[in-house]
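Notes to accompany the following structure.
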Amino acid sequence: MNEESTPGRLSIGQFARLTGLSVGALRHYDELDLLRPVDVDPFTSYRSYAADQVEVGRAIARLRDLEVPLEEIRAVLSADDPAEQRRRVAGHAARVQARVDRQVRILHVLRQLSQGKERIVTTTATQTETLDPETHRRLGKELYNHTWSLLETSDRTPEQVDEMLAAAHASAYHWSKAGGTRANAARGQWQIARVYSTLGRGEPALWHAHRCVELAEAAVAAGVADDWDLPAAFETLARAQLVAGDEAGAAATRDQARAALEAIADPEDRQLIQQDLDSLPI
């Protein structure tokens with residue numbers, strides 16, 4: 001049976017059509033005290049809503065589409081200060097970015113394994129007083145992956161921030177001792193720049209991002225770069241410029257990165273960098 005509206009009120013069906021929320025969701029939000037109707041008929045239990053509740057309902061629908069948890073939506077709606085509302089939405093954005101970073105890393109590692117660029121089963125290198133290149137390479141890779149796991153952590157402790165910075169720099173160091181190419185050195189600088197950008201540290205992010213671009217360009221000139229190294233370097237420089245407050249420079253570098261994407265032969269490699277570019281708030 002359809003719930004009917006009373007004069008000056010919207011029935012639950014009408015309210016659902018105007019807000020984009022389902023009738024079932026509205027009943028659930030009523031039970032949770034998230035969005036209560038202004039009136040419930042004591043005999044029929046029909047719910048009625050006021051016209052000024054429509055925008056609140058639409059806000060809830062939009063936030064749910066953005067995968068904001070219900071308790072966080074409640075906190076956003078109950079906050080009178082717009083700055084507090086933005087802070088809570090920013091917190092959810094950080095959690096989403098952490099999930100995206102994790103999926104990008106997983107996809108990259110899986111593709112490395114599937115293409116034979118990394119071994120699925122590895123052997124443990126013999127530890128010696130002086131580390132050999134293979135041990136440096138193993139440590140560089142492990143620290144690189146560990147840094148990513150910390151980047152994917154949305155609520156890092158100060159100790160984890162320290163650990164993330166140390167791991168990123170240590171990874172780049174070990175790769176430099178593994179007999180790697182300038183391309184590998186550029187990738188180490190890319191991750192360090194990404195860490196500093198994530199932490200909102202503009203000056204070191206810029207330094208390492210510029211170094212990443214220099215090394216990537218040198219690797220291209222030497223013929224030892226993959227076709228995605230230079231576009232990725234431009235992407236991390238644009239991200240660092242944004243953190244440093246240079247929006248115009250970031251937009252120009254982003255455009256360089258997009259132009260460089262055309263040189264990437266593999267559509268999946270191109271899509272990974274495109275996703276990073278699309279996440280830039282410019």
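Letters A, B, ... mark the chains of the structure tokens in the order given; residue numbers begin at 1 per chain; ligand numbers begin at 1, in order shown.
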Neighbour list for A:Ala94 as number ranges by chain, cut-off 10 Å, only C-alpha atoms, skip fewer than 2 positions in-chain: A: 88-92, 96-100, 152-155, 198
Secondary structure check, alpha helix (DSSP H) residues of stretch 62-165 of chain A, as JSON, numbers by chain: {"A": [62, 63, 64, 65, 70, 71, 72, 73, 74, 75, 76, 77, 78, 82, 83, 84, 85, 86, 87, 88, 89, 90, 91, 92, 93, 94, 95, 96, 97, 98, 99, 100, 101, 102, 103, 104, 105, 106, 107, 108, 109, 110, 111, 112, 113, 114, 133, 134, 135, 136, 137, 138, 139, 140, 141, 142, 143, 144, 145, 146, 147, 148, 149, 150, 151, 158, 159, 160, 161, 162, 163, 164, 165]}
Kindly export the residues of the current selection with C-alpha atoms, as a PDB file, in the first residue's frame.
```
ATOM      1  CA  ARG A  62      25.073  12.369  -2.532  1.00  0.00           C
ATOM      2  CA  LEU A  63      27.297  11.466   0.398  1.00  0.00           C
ATOM      3  CA  ARG A  64      26.142   7.844   0.266  1.00  0.00           C
ATOM      4  CA  ASP A  65      26.997   7.743  -3.458  1.00  0.00           C
ATOM      5  CA  LEU A  70      26.300   6.730   7.791  1.00  0.00           C
ATOM      6  CA  GLU A  71      27.873   7.735  11.112  1.00  0.00           C
ATOM      7  CA  GLU A  72      30.154  10.160   9.295  1.00  0.00           C
ATOM      8  CA  ILE A  73      27.152  11.579   7.411  1.00  0.00           C
ATOM      9  CA  ARG A  74      25.425  12.091  10.760  1.00  0.00           C
ATOM     10  CA  ALA A  75      28.476  13.996  12.021  1.00  0.00           C
ATOM     11  CA  VAL A  76      28.638  16.126   8.870  1.00  0.00           C
ATOM     12  CA  LEU A  77      24.957  17.037   9.051  1.00  0.00           C
ATOM     13  CA  SER A  78      25.082  17.799  12.764  1.00  0.00           C
ATOM     14  CA  PRO A  82      31.037  24.583   7.360  1.00  0.00           C
ATOM     15  CA  ALA A  83      34.772  24.251   8.086  1.00  0.00           C
ATOM     16  CA  GLU A  84      34.058  21.254  10.322  1.00  0.00           C
ATOM     17  CA  GLN A  85      31.877  19.725   7.607  1.00  0.00           C
ATOM     18  CA  ARG A  86      34.703  20.158   5.094  1.00  0.00           C
ATOM     19  CA  ARG A  87      37.208  18.673   7.542  1.00  0.00           C
ATOM     20  CA  ARG A  88      35.116  15.542   7.931  1.00  0.00           C
ATOM     21  CA  VAL A  89      34.648  15.195   4.166  1.00  0.00           C
ATOM     22  CA  ALA A  90      38.416  15.661   3.746  1.00  0.00           C
ATOM     23  CA  GLY A  91      38.985  12.831   6.227  1.00  0.00           C
ATOM     24  CA  HIS A  92      36.820  10.526   4.107  1.00  0.00           C
ATOM     25  CA  ALA A  93      38.681  11.673   0.987  1.00  0.00           C
ATOM     26  CA  ALA A  94      41.973  10.675   2.635  1.00  0.00           C
ATOM     27  CA  ARG A  95      40.597   7.205   3.370  1.00  0.00           C
ATOM     28  CA  VAL A  96      39.411   6.830  -0.230  1.00  0.00           C
ATOM     29  CA  GLN A  97      42.808   7.985  -1.526  1.00  0.00           C
ATOM     30  CA  ALA A  98      44.483   5.381   0.679  1.00  0.00           C
ATOM     31  CA  ARG A  99      42.286   2.674  -0.865  1.00  0.00           C
ATOM     32  CA  VAL A 100      43.074   3.942  -4.374  1.00  0.00           C
ATOM     33  CA  ASP A 101      46.817   3.946  -3.637  1.00  0.00           C
ATOM     34  CA  ARG A 102      46.576   0.390  -2.353  1.00  0.00           C
ATOM     35  CA  GLN A 103      44.752  -0.811  -5.473  1.00  0.00           C
ATOM     36  CA  VAL A 104      47.269   0.934  -7.740  1.00  0.00           C
ATOM     37  CA  ARG A 105      50.152  -0.733  -5.909  1.00  0.00           C
ATOM     38  CA  ILE A 106      48.490  -4.158  -6.011  1.00  0.00           C
ATOM     39  CA  LEU A 107      47.829  -3.819  -9.737  1.00  0.00           C
ATOM     40  CA  HIS A 108      51.414  -2.748 -10.384  1.00  0.00           C
ATOM     41  CA  VAL A 109      52.887  -5.697  -8.461  1.00  0.00           C
ATOM     42  CA  LEU A 110      50.522  -8.174 -10.131  1.00  0.00           C
ATOM     43  CA  ARG A 111      51.487  -6.881 -13.558  1.00  0.00           C
ATOM     44  CA  GLN A 112      55.191  -7.107 -12.671  1.00  0.00           C
ATOM     45  CA  LEU A 113      54.671 -10.732 -11.611  1.00  0.00           C
ATOM     46  CA  SER A 114      52.488 -11.658 -14.599  1.00  0.00           C
ATOM     47  CA  PRO A 133      73.747  -5.939  -5.299  1.00  0.00           C
ATOM     48  CA  GLU A 134      71.044  -8.608  -5.117  1.00  0.00           C
ATOM     49  CA  THR A 135      70.585  -7.993  -1.381  1.00  0.00           C
ATOM     50  CA  HIS A 136      70.419  -4.241  -1.976  1.00  0.00           C
ATOM     51  CA  ARG A 137      67.809  -4.875  -4.656  1.00  0.00           C
ATOM     52  CA  ARG A 138      65.725  -7.078  -2.353  1.00  0.00           C
ATOM     53  CA  LEU A 139      65.869  -4.548   0.477  1.00  0.00           C
ATOM     54  CA  GLY A 140      65.015  -1.694  -1.891  1.00  0.00           C
ATOM     55  CA  LYS A 141      61.946  -3.548  -3.132  1.00  0.00           C
ATOM     56  CA  GLU A 142      60.783  -4.561   0.354  1.00  0.00           C
ATOM     57  CA  LEU A 143      61.172  -1.021   1.682  1.00  0.00           C
ATOM     58  CA  TYR A 144      59.398   0.403  -1.373  1.00  0.00           C
ATOM     59  CA  ASN A 145      56.413  -1.873  -0.752  1.00  0.00           C
ATOM     60  CA  HIS A 146      56.483  -1.116   2.974  1.00  0.00           C
ATOM     61  CA  THR A 147      56.397   2.610   2.217  1.00  0.00           C
ATOM     62  CA  TRP A 148      53.312   2.045   0.070  1.00  0.00           C
ATOM     63  CA  SER A 149      51.601   0.155   2.876  1.00  0.00           C
ATOM     64  CA  LEU A 150      52.156   3.170   5.138  1.00  0.00           C
ATOM     65  CA  LEU A 151      50.958   5.565   2.413  1.00  0.00           C
ATOM     66  CA  PRO A 158      53.604  10.197  14.211  1.00  0.00           C
ATOM     67  CA  GLU A 159      55.812   7.118  14.584  1.00  0.00           C
ATOM     68  CA  GLN A 160      54.409   5.664  11.354  1.00  0.00           C
ATOM     69  CA  VAL A 161      55.084   8.959   9.568  1.00  0.00           C
ATOM     70  CA  ASP A 162      58.719   8.771  10.723  1.00  0.00           C
ATOM     71  CA  GLU A 163      58.883   5.156   9.574  1.00  0.00           C
ATOM     72  CA  MET A 164      57.366   5.992   6.188  1.00  0.00           C
ATOM     73  CA  LEU A 165      59.891   8.758   5.527  1.00  0.00           C
TER      74      LEU A 165
END
```
Proximity to A:Ala186 - best of A:Ala168, A:Ala225, A:Ala259, A:Ala59, only C-alpha atoms: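 Of A:Ala168, A:Ala225, A:Ala259, A:Ala59, the one nearest A:Ala186, counting only C-alpha atoms, is A:Ala225.
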Computed interatomic separation between atom CA of A:Gly202 and atom CA of A:His169 (Å): 16.7 Å
Non-local contacts of A:Ile12 (12 Å; only C-alpha atoms; under 2 positions in same chain excluded) as number ranges by chain: A: 1-6, 9-10, 14-27, 30, 35-40, 45-51, 53-54, 57
Every residue of stretch 36-274 of chain A that DSSP places in strand (DSSP E), as a ChimeraX atom specification: /A:39-40,47-49
For atom CA of A:Arg211 and atom CA of A:Thr130, the interatomic separation in Å (one decimal):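 So the two atoms, atom CA of A:Arg211 and atom CA of A:Thr130, lie 28.1 Å apart.
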Close residues, stretch 269-278 of chain A itself excluded, 10 Å, only C-alpha atoms, min 5 positions apart in chain, as a list in words: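 Counting only the stated atoms, we get Val100, Asp101, Val104, Arg105, Leu107, His108, Arg111, Asp227, Trp228, Asp229, Pro231, Ala232, Ala233, Phe234, Glu235, Thr236, Ala238, Arg239, Arg254, Asp255, Ala257, Arg258, Ala260, Leu261, Glu262, Ala263 and Ile264 of chain A.
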Closest of A:Tyr173, A:Leu66, A:Ala219, A:Ala209 to A:Trp190 - atom-to-atom distances counting only C-alpha atoms: A:Ala209
One-decimal distance in Å that lies between atom CA of A:Gly188 and atom CA of A:Trp175: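 Going from atom CA of A:Trp175 over to atom CA of A:Gly188, I get 7.5 Å.
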Shortest interatomic distance to A:Ala222 - which of A:Thr253, A:Thr181, A:Ala244, A:Arg156, counting only C-alpha atoms: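 Residue with the minimum atom-to-atom distance to A:Ala222: A:Thr181.
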